There are 2 protein chains.
Amino acid sequence: MKNLNALSIRYSEGELWILDQTLLPHKEVWIEIKKTEDMIEAIKKLKVRGAPLIGVAAALALAKLATDGANESEFLRAAKELRDSRPTAVNLMYAIDQLIKFDYSVEAVVAKAEQLFLEDVDLCERMARNGEKFISDGDNILTHCNTGGLATAGIGTALGVIKKAFDSGKKIHVYVDETRPLLQGGRLTTWELENYGIPYTLICDNMAANIMAQGKINSIFVGADRIAANGDFANKTGTYNLAVLAKYHGVPFYCVAPYTTIDFECVSGDDIPIEMRESSEVRGVKGNFGQIEWAPKGGSVYNPAFDVTPKKLVTAWILDRSVEVSTEGKLVNFVKSK
Amino acid sequence: MKNLNALSIRYSEGELWILDQTLLPHKEVWIEIKKTEDMIEAIKKLKVRGAPLIGVAAALALAKLATDGANESEFLRAAKELRDSRPTAVNLMYAIDQLIKFDYSVEAVVAKAEQLFLEDVDLCERMARNGEKFISDGDNILTHCNTGGLATAGIGTALGVIKKAFDSGKKIHVYVDETRPLLQGGRLTTWELENYGIPYTLICDNMAANIMAQGKINSIFVGADRIAANGDFANKTGTYNLAVLAKYHGVPFYCVAPYTTIDFECVSGDDIPIEMRESSEVRGVKGNFGQIEWAPKGGSVYNPAFDVTPKKLVTAWILDRSVEVSTEGKLVNFVKSK
């Protein structure tokens, strides 16, 4: 397989490495993925995260497995285990399905994995170009979670759009939701924005409303883990909160995702399965600083990894192949195709 | 001075003690307040917190100072320093003003401080009785921050209403916003609810919208640090977020506070000064587990301790002397009186 390099994954001379995102921003530690189990563990523990990147990472892990000599039944078992490692992101299922839909051969698997990686880079570039025109010079933009180079093989989805606007010379400023409980905004988006030199202000999630009330937010860009056929979409917990606030304050609210994020099997958001995660994540924080819990152990905790934003709260879906504006009640570009 | 006992402050045999709320829920440590400076430090560091309790705590500190033999100029200087220790809560200013508005004498100061303590207990009881009727058997209630026995000399404001409903035999369940950045919900409200045996579920602040969308919240009760004459009010950062969500989802939204929280000098919420706090609070967490920062130090942080909820989002103000319902555009019970 050819060498492939992204911000947080690389395939080099037959070795597969990932940047452990749970250790950012304080430590930049690369981990070698030697077996499929290593990648499943990395996905479950969010060392690799971001819907598009998970798909690419799973594909590269399977390509490595094939290259290392697995037979077809070993390959298919590993593919199934990877497919089940996280339940909400459709990109993961899409990537696995692409790798198992032809007669098994090392060459075919490797070619397809390379293609998925390079396609993701290209999709990011297309989304960024499509979305960048919704950002004006001087804008203040709010974003949630991390949807940048750490979440994809390319420059990102929502954060890719923001980066593209900045790189094109627009003076912008980004408000970053810290994104409890796992703090992908506070840890990862801040790290990326610092690296890119884009000015930002970090806030707690519950402060976004206050800033919108002051008229300081021009637009909101978020990613998506799965988009239903009707336009409802699942994204990091807290996204729906922002969508309601955006509607109330008249702030444009954009969902940025590759076309492959649309799951035509899901008629609406009600059909999207939502992953529930460990209560310890809400009782405290986990990271390279260890694990701390500040809440009593006795009470129950609600910890959905995602929430669903209904179509009616979305200003536009910025896809790689088109921008879909929800004005006429019909999503003309949401058409199933090859 | 007579002995006085509350959940987190006590005056006993001439000694003034506070429960260090920064160490809850894991450690219950009482600290002796020997000098006014100790109380100022405790208020600034949030060891003592909650708008009503801060007022009572300042009054007891001044009563101790007078009892310990301070002269009038020392007393007035200490009163001014205490008054300036936090800028948003009007109860603090009210308590200090009560203590300095007559000719200085130890007896008069002690009598007024005792009166403020006992009045707060009584005010809580009246608010709880006024508010309890808005809670039905089987209700799921959402609350933010901590507004219970840890925030007052009595049973609390918003949480006092909830406790009263539970104590009266209504089967209720409470969703607790963790309340970033200082986690008063996750650390303190959970601790109180555990102590009272009231069932609760802890959530991150950004999950409240998701739960409301599922129709699971019957009502929201919050406190207030200052209420303007028109009904706008300042409360813990994130309250305004909840108010917008409540309006969107049709959930009743109640502000519970003593009448003394109304500041007739503030015509509207625009006139309420908002305390800005250290960026380190948002970059990480602080507690008895030490101080951890997960965000890069480079970027800016926005950290207002409070936000302002406009009158139009409030279903009713539950005061000690009345319940004010915002239906006719005029707040008839918001009348300045002795």
# chains A, B, ... in the order shown; residues from 1 in each chain; ligands from 1
call {"tool": "calpha_fit_and_write", "arguments": {"fixed": "chain A", "moving": "chain B", "output": "short mmCIF file (atom, residue, chain, number, x, y, z; two decimals) with C-alpha atoms, in the first residue's frame"}}
result
data_model
loop_
_atom_site.label_atom_id
_atom_site.label_comp_id
_atom_site.auth_asym_id
_atom_site.auth_seq_id
_atom_site.Cartn_x
_atom_site.Cartn_y
_atom_site.Cartn_z
CA MET B 1 0.00 0.01 0.02
CA LYS B 2 1.20 3.52 -0.72
CA ASN B 3 2.16 5.89 2.08
CA LEU B 4 -0.72 8.08 3.27
CA ASN B 5 -0.49 11.05 5.63
CA ALA B 6 -3.15 12.99 7.51
CA LEU B 7 -3.12 15.16 10.63
CA SER B 8 -3.85 12.22 12.94
CA ILE B 9 -3.37 9.00 10.92
CA ARG B 10 -0.60 7.73 8.70
CA TYR B 11 0.26 4.61 6.76
CA SER B 12 3.98 4.46 6.18
CA GLU B 13 6.18 1.61 4.93
CA GLY B 14 3.60 -0.98 5.92
CA GLU B 15 3.04 0.50 9.40
CA LEU B 16 -0.22 2.07 10.53
CA TRP B 17 -0.01 4.84 13.13
CA ILE B 18 -2.58 7.06 14.81
CA LEU B 19 -2.22 10.23 16.88
CA ASP B 20 -3.83 9.49 20.28
CA GLN B 21 -6.47 12.22 20.43
CA THR B 22 -7.26 11.53 24.09
CA LEU B 23 -3.86 13.01 24.97
CA LEU B 24 -4.27 16.28 23.05
CA PRO B 25 -3.62 19.17 23.38
CA HIS B 26 -0.88 18.61 25.95
CA LYS B 27 0.86 15.56 24.45
CA GLU B 28 1.26 14.50 20.85
CA VAL B 29 1.74 10.75 21.05
CA TRP B 30 1.54 8.44 18.02
CA ILE B 31 0.44 4.83 18.58
CA GLU B 32 1.19 1.96 16.23
CA ILE B 33 -1.84 -0.11 15.23
CA LYS B 34 -0.54 -3.64 14.76
CA LYS B 35 -3.77 -5.62 14.90
CA THR B 36 -7.43 -4.97 14.12
CA GLU B 37 -8.15 -5.22 17.86
CA ASP B 38 -5.85 -2.23 18.42
CA MET B 39 -7.97 -0.15 16.04
CA ILE B 40 -11.25 -1.32 17.59
CA GLU B 41 -9.88 -0.33 21.00
CA ALA B 42 -8.68 3.02 19.63
CA ILE B 43 -12.11 3.74 18.11
CA LYS B 44 -14.02 2.74 21.23
CA LYS B 45 -11.72 4.80 23.48
CA LEU B 46 -11.94 7.78 21.07
CA LYS B 47 -8.20 7.78 20.43
CA VAL B 48 -9.40 7.88 16.84
CA ARG B 49 -12.60 9.89 16.46
CA GLY B 50 -14.59 12.01 14.01
CA ALA B 51 -17.14 10.27 11.81
CA PRO B 52 -15.18 10.49 8.51
CA LEU B 53 -11.85 9.60 10.11
CA ILE B 54 -13.28 6.50 11.81
CA GLY B 55 -14.35 5.18 8.41
CA VAL B 56 -10.92 5.83 6.89
CA ALA B 57 -9.14 4.41 9.94
CA ALA B 58 -11.20 1.20 9.80
CA ALA B 59 -10.44 0.85 6.08
CA LEU B 60 -6.70 1.27 6.65
CA ALA B 61 -6.78 -1.26 9.50
CA LEU B 62 -8.47 -3.79 7.21
CA ALA B 63 -6.02 -3.05 4.39
CA LYS B 64 -3.18 -3.71 6.81
CA LEU B 65 -4.83 -6.95 7.95
CA ALA B 66 -5.17 -8.10 4.32
CA THR B 67 -1.58 -7.10 3.53
CA ASP B 68 -0.39 -8.97 6.61
CA GLY B 69 -1.86 -12.17 5.16
CA ALA B 70 -5.35 -12.65 6.66
CA ASN B 71 -7.62 -15.12 4.88
CA GLU B 72 -11.13 -14.17 3.81
CA SER B 73 -12.94 -15.43 6.90
CA GLU B 74 -10.49 -13.66 9.22
CA PHE B 75 -10.94 -10.53 7.15
CA LEU B 76 -14.73 -10.67 7.25
CA ARG B 77 -14.78 -11.32 11.00
CA ALA B 78 -12.51 -8.31 11.60
CA ALA B 79 -14.67 -6.19 9.29
CA LYS B 80 -17.77 -7.07 11.29
CA GLU B 81 -16.07 -6.29 14.61
CA LEU B 82 -14.88 -2.93 13.32
CA ARG B 83 -18.32 -2.16 11.94
CA ASP B 84 -19.80 -2.70 15.41
CA SER B 85 -17.23 -0.64 17.29
CA ARG B 86 -19.40 2.51 17.28
CA PRO B 87 -23.08 2.47 16.37
CA THR B 88 -24.01 5.98 15.22
CA ALA B 89 -21.51 7.12 12.56
CA VAL B 90 -22.68 5.93 9.17
CA ASN B 91 -19.28 6.62 7.55
CA LEU B 92 -17.84 3.64 9.42
CA MET B 93 -20.48 1.30 8.02
CA TYR B 94 -20.10 2.81 4.57
CA ALA B 95 -16.33 2.27 4.57
CA ILE B 96 -16.63 -1.34 5.74
CA ASP B 97 -19.34 -2.07 3.19
CA GLN B 98 -17.11 -0.70 0.44
CA LEU B 99 -14.33 -3.06 1.50
CA ILE B 100 -16.39 -6.25 1.60
CA LYS B 101 -18.65 -5.85 -1.40
CA PHE B 102 -16.26 -7.43 -3.95
CA ASP B 103 -14.44 -10.77 -4.14
CA TYR B 104 -11.72 -10.76 -1.51
CA SER B 105 -8.17 -10.02 -2.62
CA VAL B 106 -5.35 -8.09 -1.01
CA GLU B 107 -4.97 -5.87 -4.05
CA ALA B 108 -8.65 -4.98 -4.19
CA VAL B 109 -8.83 -4.21 -0.45
CA VAL B 110 -5.71 -2.05 -0.57
CA ALA B 111 -6.90 -0.18 -3.64
CA LYS B 112 -10.30 0.52 -2.04
CA ALA B 113 -8.75 1.65 1.27
CA GLU B 114 -6.41 4.03 -0.57
CA GLN B 115 -9.35 5.30 -2.55
CA LEU B 116 -11.43 5.94 0.60
CA PHE B 117 -8.55 7.91 2.15
CA LEU B 118 -7.96 10.06 -0.92
CA GLU B 119 -11.68 10.50 -1.51
CA ASP B 120 -12.07 11.84 2.02
CA VAL B 121 -9.35 14.43 1.38
CA ASP B 122 -11.15 15.43 -1.80
CA LEU B 123 -14.60 15.49 -0.16
CA CYS B 124 -13.28 17.85 2.54
CA GLU B 125 -11.89 20.18 -0.10
CA ARG B 126 -15.21 20.24 -1.96
CA MET B 127 -17.24 20.86 1.22
CA ALA B 128 -14.87 23.66 2.20
CA ARG B 129 -15.23 25.33 -1.18
CA ASN B 130 -19.02 24.95 -1.08
CA GLY B 131 -19.30 26.31 2.46
CA GLU B 132 -16.69 29.04 2.45
CA LYS B 133 -18.98 31.43 0.55
CA PHE B 134 -21.36 31.53 3.52
CA ILE B 135 -18.65 33.21 5.61
CA SER B 136 -17.98 36.95 5.22
CA ASP B 137 -14.95 38.99 6.13
CA GLY B 138 -15.22 39.97 9.80
CA ASP B 139 -17.60 37.17 10.78
CA ASN B 140 -17.79 35.59 14.20
CA ILE B 141 -18.52 31.90 13.81
CA LEU B 142 -19.60 29.38 16.44
CA THR B 143 -18.70 25.71 16.20
CA HIS B 144 -19.20 22.62 18.33
CA CYS B 145 -17.08 19.52 18.90
CA ASN B 146 -14.15 18.94 16.55
CA THR B 147 -14.75 18.63 12.83
CA GLY B 148 -11.35 19.54 11.44
CA GLY B 149 -8.21 17.79 10.32
CA LEU B 150 -8.40 15.63 13.43
CA ALA B 151 -11.81 14.29 12.42
CA THR B 152 -11.11 13.51 8.77
CA ALA B 153 -8.31 12.52 6.42
CA GLY B 154 -8.53 16.02 4.90
CA ILE B 155 -9.05 19.54 6.26
CA GLY B 156 -12.33 18.67 7.92
CA THR B 157 -16.05 19.23 7.51
CA ALA B 158 -17.43 22.23 9.47
CA LEU B 159 -13.97 23.31 10.65
CA GLY B 160 -12.65 22.76 7.13
CA VAL B 161 -15.13 25.35 5.87
CA ILE B 162 -13.94 27.77 8.56
CA LYS B 163 -10.26 27.11 7.76
CA LYS B 164 -10.90 27.63 4.06
CA ALA B 165 -12.50 31.02 4.75
CA PHE B 166 -9.52 32.02 6.89
CA ASP B 167 -7.00 30.74 4.34
CA SER B 168 -8.76 32.75 1.64
CA GLY B 169 -7.94 35.92 3.57
CA LYS B 170 -11.17 36.59 5.43
CA LYS B 171 -10.63 37.97 8.91
CA ILE B 172 -12.73 35.73 11.11
CA HIS B 173 -13.02 34.80 14.76
CA VAL B 174 -14.29 31.48 16.09
CA TYR B 175 -16.24 30.84 19.29
CA VAL B 176 -15.49 27.27 20.36
CA ASP B 177 -18.00 25.30 22.45
CA GLU B 178 -15.95 23.19 24.85
CA THR B 179 -18.36 20.31 24.11
CA ARG B 180 -18.96 18.43 27.31
CA PRO B 181 -18.53 15.70 28.31
CA LEU B 182 -15.46 14.75 26.26
CA LEU B 183 -14.28 18.29 25.55
CA GLN B 184 -13.44 17.82 21.88
CA GLY B 185 -13.93 21.56 21.40
CA GLY B 186 -11.86 22.62 24.41
CA ARG B 187 -9.07 20.14 23.71
CA LEU B 188 -9.01 19.49 19.96
CA THR B 189 -10.61 22.38 18.09
CA THR B 190 -8.60 24.85 20.16
CA TRP B 191 -5.44 22.84 19.36
CA GLU B 192 -6.20 22.95 15.64
CA LEU B 193 -7.08 26.66 15.64
CA GLU B 194 -3.87 27.48 17.51
CA ASN B 195 -1.90 25.48 14.92
CA TYR B 196 -3.61 27.36 12.08
CA GLY B 197 -3.31 30.79 13.72
CA ILE B 198 -7.07 31.38 13.61
CA PRO B 199 -8.28 33.66 16.46
CA TYR B 200 -10.75 31.98 18.77
CA THR B 201 -12.51 32.26 22.11
CA LEU B 202 -13.26 29.19 24.18
CA ILE B 203 -16.62 29.06 25.96
CA CYS B 204 -18.63 26.61 28.03
CA ASP B 205 -21.52 25.12 26.05
CA ASN B 206 -24.11 26.93 28.16
CA MET B 207 -22.67 30.38 27.25
CA ALA B 208 -23.48 30.22 23.53
CA ALA B 209 -27.00 31.57 24.08
CA ASN B 210 -25.65 34.58 25.97
CA ILE B 211 -23.25 35.43 23.13
CA MET B 212 -26.00 35.04 20.51
CA ALA B 213 -28.25 37.37 22.51
CA GLN B 214 -25.50 40.00 22.26
CA GLY B 215 -25.65 39.68 18.46
CA LYS B 216 -22.06 38.45 18.31
CA ILE B 217 -22.56 35.26 16.26
CA ASN B 218 -22.95 35.53 12.48
CA SER B 219 -23.24 31.84 11.74
CA ILE B 220 -22.94 28.36 13.23
CA PHE B 221 -21.21 25.45 11.47
CA VAL B 222 -21.42 21.87 12.76
CA GLY B 223 -20.70 18.42 11.39
CA ALA B 224 -22.91 15.33 11.22
CA ASP B 225 -22.45 11.70 12.12
CA ARG B 226 -25.52 10.57 10.21
CA ILE B 227 -28.09 12.42 8.11
CA ALA B 228 -31.52 10.86 7.59
CA ALA B 229 -33.16 10.93 4.15
CA ASN B 230 -35.45 13.78 5.25
CA GLY B 231 -32.57 16.00 6.46
CA ASP B 232 -32.74 15.35 10.21
CA PHE B 233 -29.22 14.64 11.44
CA ALA B 234 -27.36 13.18 14.39
CA ASN B 235 -24.28 14.98 15.66
CA LYS B 236 -22.34 15.40 18.90
CA THR B 237 -24.50 15.88 21.96
CA GLY B 238 -25.30 19.59 22.32
CA THR B 239 -25.78 20.24 18.60
CA TYR B 240 -29.57 20.26 18.92
CA ASN B 241 -29.25 22.78 21.76
CA LEU B 242 -27.34 25.11 19.41
CA ALA B 243 -29.88 24.61 16.62
CA VAL B 244 -32.74 25.74 18.88
CA LEU B 245 -30.74 28.77 20.01
CA ALA B 246 -29.87 29.63 16.39
CA LYS B 247 -33.53 29.54 15.38
CA TYR B 248 -34.53 31.74 18.33
CA HIS B 249 -31.81 34.31 17.65
CA GLY B 250 -32.07 34.23 13.85
CA VAL B 251 -28.54 32.92 13.34
CA PRO B 252 -27.89 30.77 10.21
CA PHE B 253 -27.19 27.15 11.15
CA TYR B 254 -25.20 24.98 8.72
CA CYS B 255 -24.67 21.22 8.74
CA VAL B 256 -21.46 20.25 6.89
CA ALA B 257 -20.90 16.61 5.92
CA PRO B 258 -19.98 14.45 2.96
CA TYR B 259 -22.82 13.05 0.87
CA THR B 260 -21.89 9.60 2.22
CA THR B 261 -23.18 10.71 5.63
CA ILE B 262 -26.74 10.52 4.29
CA ASP B 263 -28.33 7.22 5.29
CA PHE B 264 -31.26 6.59 2.97
CA GLU B 265 -32.32 3.67 5.17
CA CYS B 266 -33.22 6.22 7.85
CA VAL B 267 -36.43 7.96 6.87
CA SER B 268 -36.10 10.51 9.69
CA GLY B 269 -34.03 11.25 12.76
CA ASP B 270 -36.24 8.86 14.76
CA ASP B 271 -34.57 5.99 12.90
CA ILE B 272 -31.00 6.95 13.87
CA PRO B 273 -29.64 4.79 16.73
CA ILE B 274 -28.01 6.88 19.43
CA GLU B 275 -24.98 5.54 21.28
CA MET B 276 -25.21 5.82 25.07
CA ARG B 277 -21.85 6.12 26.80
CA GLU B 278 -20.44 5.53 30.29
CA SER B 279 -21.77 7.62 33.16
CA SER B 280 -18.22 8.28 34.38
CA GLU B 281 -17.75 10.66 31.42
CA VAL B 282 -20.41 12.99 32.90
CA ARG B 283 -19.42 12.45 36.54
CA GLY B 284 -16.01 13.91 35.76
CA VAL B 285 -13.33 14.22 33.11
CA LYS B 286 -10.85 11.76 31.67
CA GLY B 287 -7.63 12.56 29.90
CA ASN B 288 -3.89 12.36 30.01
CA PHE B 289 -4.18 14.00 33.46
CA GLY B 290 -5.91 10.86 34.71
CA GLN B 291 -9.54 10.31 35.56
CA ILE B 292 -11.37 12.59 37.97
CA GLU B 293 -14.93 12.34 39.19
CA TRP B 294 -16.55 15.23 41.04
CA ALA B 295 -20.13 13.99 41.17
CA PRO B 296 -21.42 11.49 43.71
CA LYS B 297 -21.55 7.91 42.43
CA GLY B 298 -25.08 7.33 43.71
CA GLY B 299 -27.33 9.04 41.20
CA SER B 300 -28.09 8.14 37.65
CA VAL B 301 -26.54 9.87 34.65
CA TYR B 302 -27.83 10.44 31.12
CA ASN B 303 -25.02 10.40 28.57
CA PRO B 304 -26.03 10.17 24.91
CA ALA B 305 -23.04 10.66 22.61
CA PHE B 306 -25.27 12.35 20.04
CA ASP B 307 -28.54 14.19 19.68
CA VAL B 308 -30.80 14.65 16.68
CA THR B 309 -31.44 18.02 15.06
CA PRO B 310 -34.65 18.14 13.04
CA LYS B 311 -34.58 19.36 9.46
CA LYS B 312 -36.66 22.44 10.23
CA LEU B 313 -33.81 24.00 12.27
CA VAL B 314 -31.22 23.70 9.49
CA THR B 315 -30.48 26.65 7.20
CA ALA B 316 -28.50 24.54 4.72
CA TRP B 317 -26.69 21.23 4.39
CA ILE B 318 -23.26 21.82 2.90
CA LEU B 319 -22.30 18.60 1.12
CA ASP B 320 -19.34 17.84 -1.12
CA ARG B 321 -21.48 17.59 -4.25
CA SER B 322 -23.97 20.38 -3.53
CA VAL B 323 -25.43 22.81 -1.08
CA GLU B 324 -28.95 21.94 -0.09
CA VAL B 325 -31.07 24.84 1.12
CA SER B 326 -34.20 24.00 3.06
CA THR B 327 -36.65 26.46 1.63
CA GLU B 328 -39.22 24.48 -0.31
CA GLY B 329 -39.66 21.59 2.09
CA LYS B 330 -37.97 19.18 -0.27
CA LEU B 331 -34.30 18.23 -0.33
CA VAL B 332 -33.71 17.86 -4.06
CA ASN B 333 -30.06 16.89 -3.75
CA PHE B 334 -30.77 14.16 -1.22
CA VAL B 335 -31.16 11.57 -3.98
CA LYS B 336 -29.74 8.12 -3.63
CA SER B 337 -27.09 7.41 -6.24
CA LYS B 338 -23.97 5.34 -6.84
#
call {"tool": "select_by_dssp", "arguments": {"residues": "stretch 8-65 of chain B", "states": "strand (DSSP E)", "output": "list in words"}}
result
Ile9, Arg10, Tyr11, Ser12, Glu15, Leu16, Trp17, Ile18, Leu19, Trp30, Ile31, Glu32 and Ile33 of chain B
call {"tool": "write_last_selection", "arguments": {"atoms": "C-alpha atoms", "output": "compact mmCIF listing (two decimals), in the first residue's frame"}}
result
# COMPACT_ATOMS: atom_id res chain seq x y z
CA ILE B 9 -22.74 28.06 58.00
CA ARG B 10 -22.91 28.16 61.77
CA TYR B 11 -22.33 30.64 64.56
CA SER B 12 -21.62 28.79 67.77
CA GLU B 15 -17.14 31.15 66.65
CA LEU B 16 -18.12 31.49 63.00
CA TRP B 17 -17.68 28.42 60.79
CA ILE B 18 -18.43 27.69 57.14
CA LEU B 19 -18.59 24.42 55.20
CA TRP B 30 -15.60 23.17 58.06
CA ILE B 31 -13.40 26.28 58.16
CA GLU B 32 -13.31 28.78 61.00
CA ILE B 33 -13.74 32.41 59.94
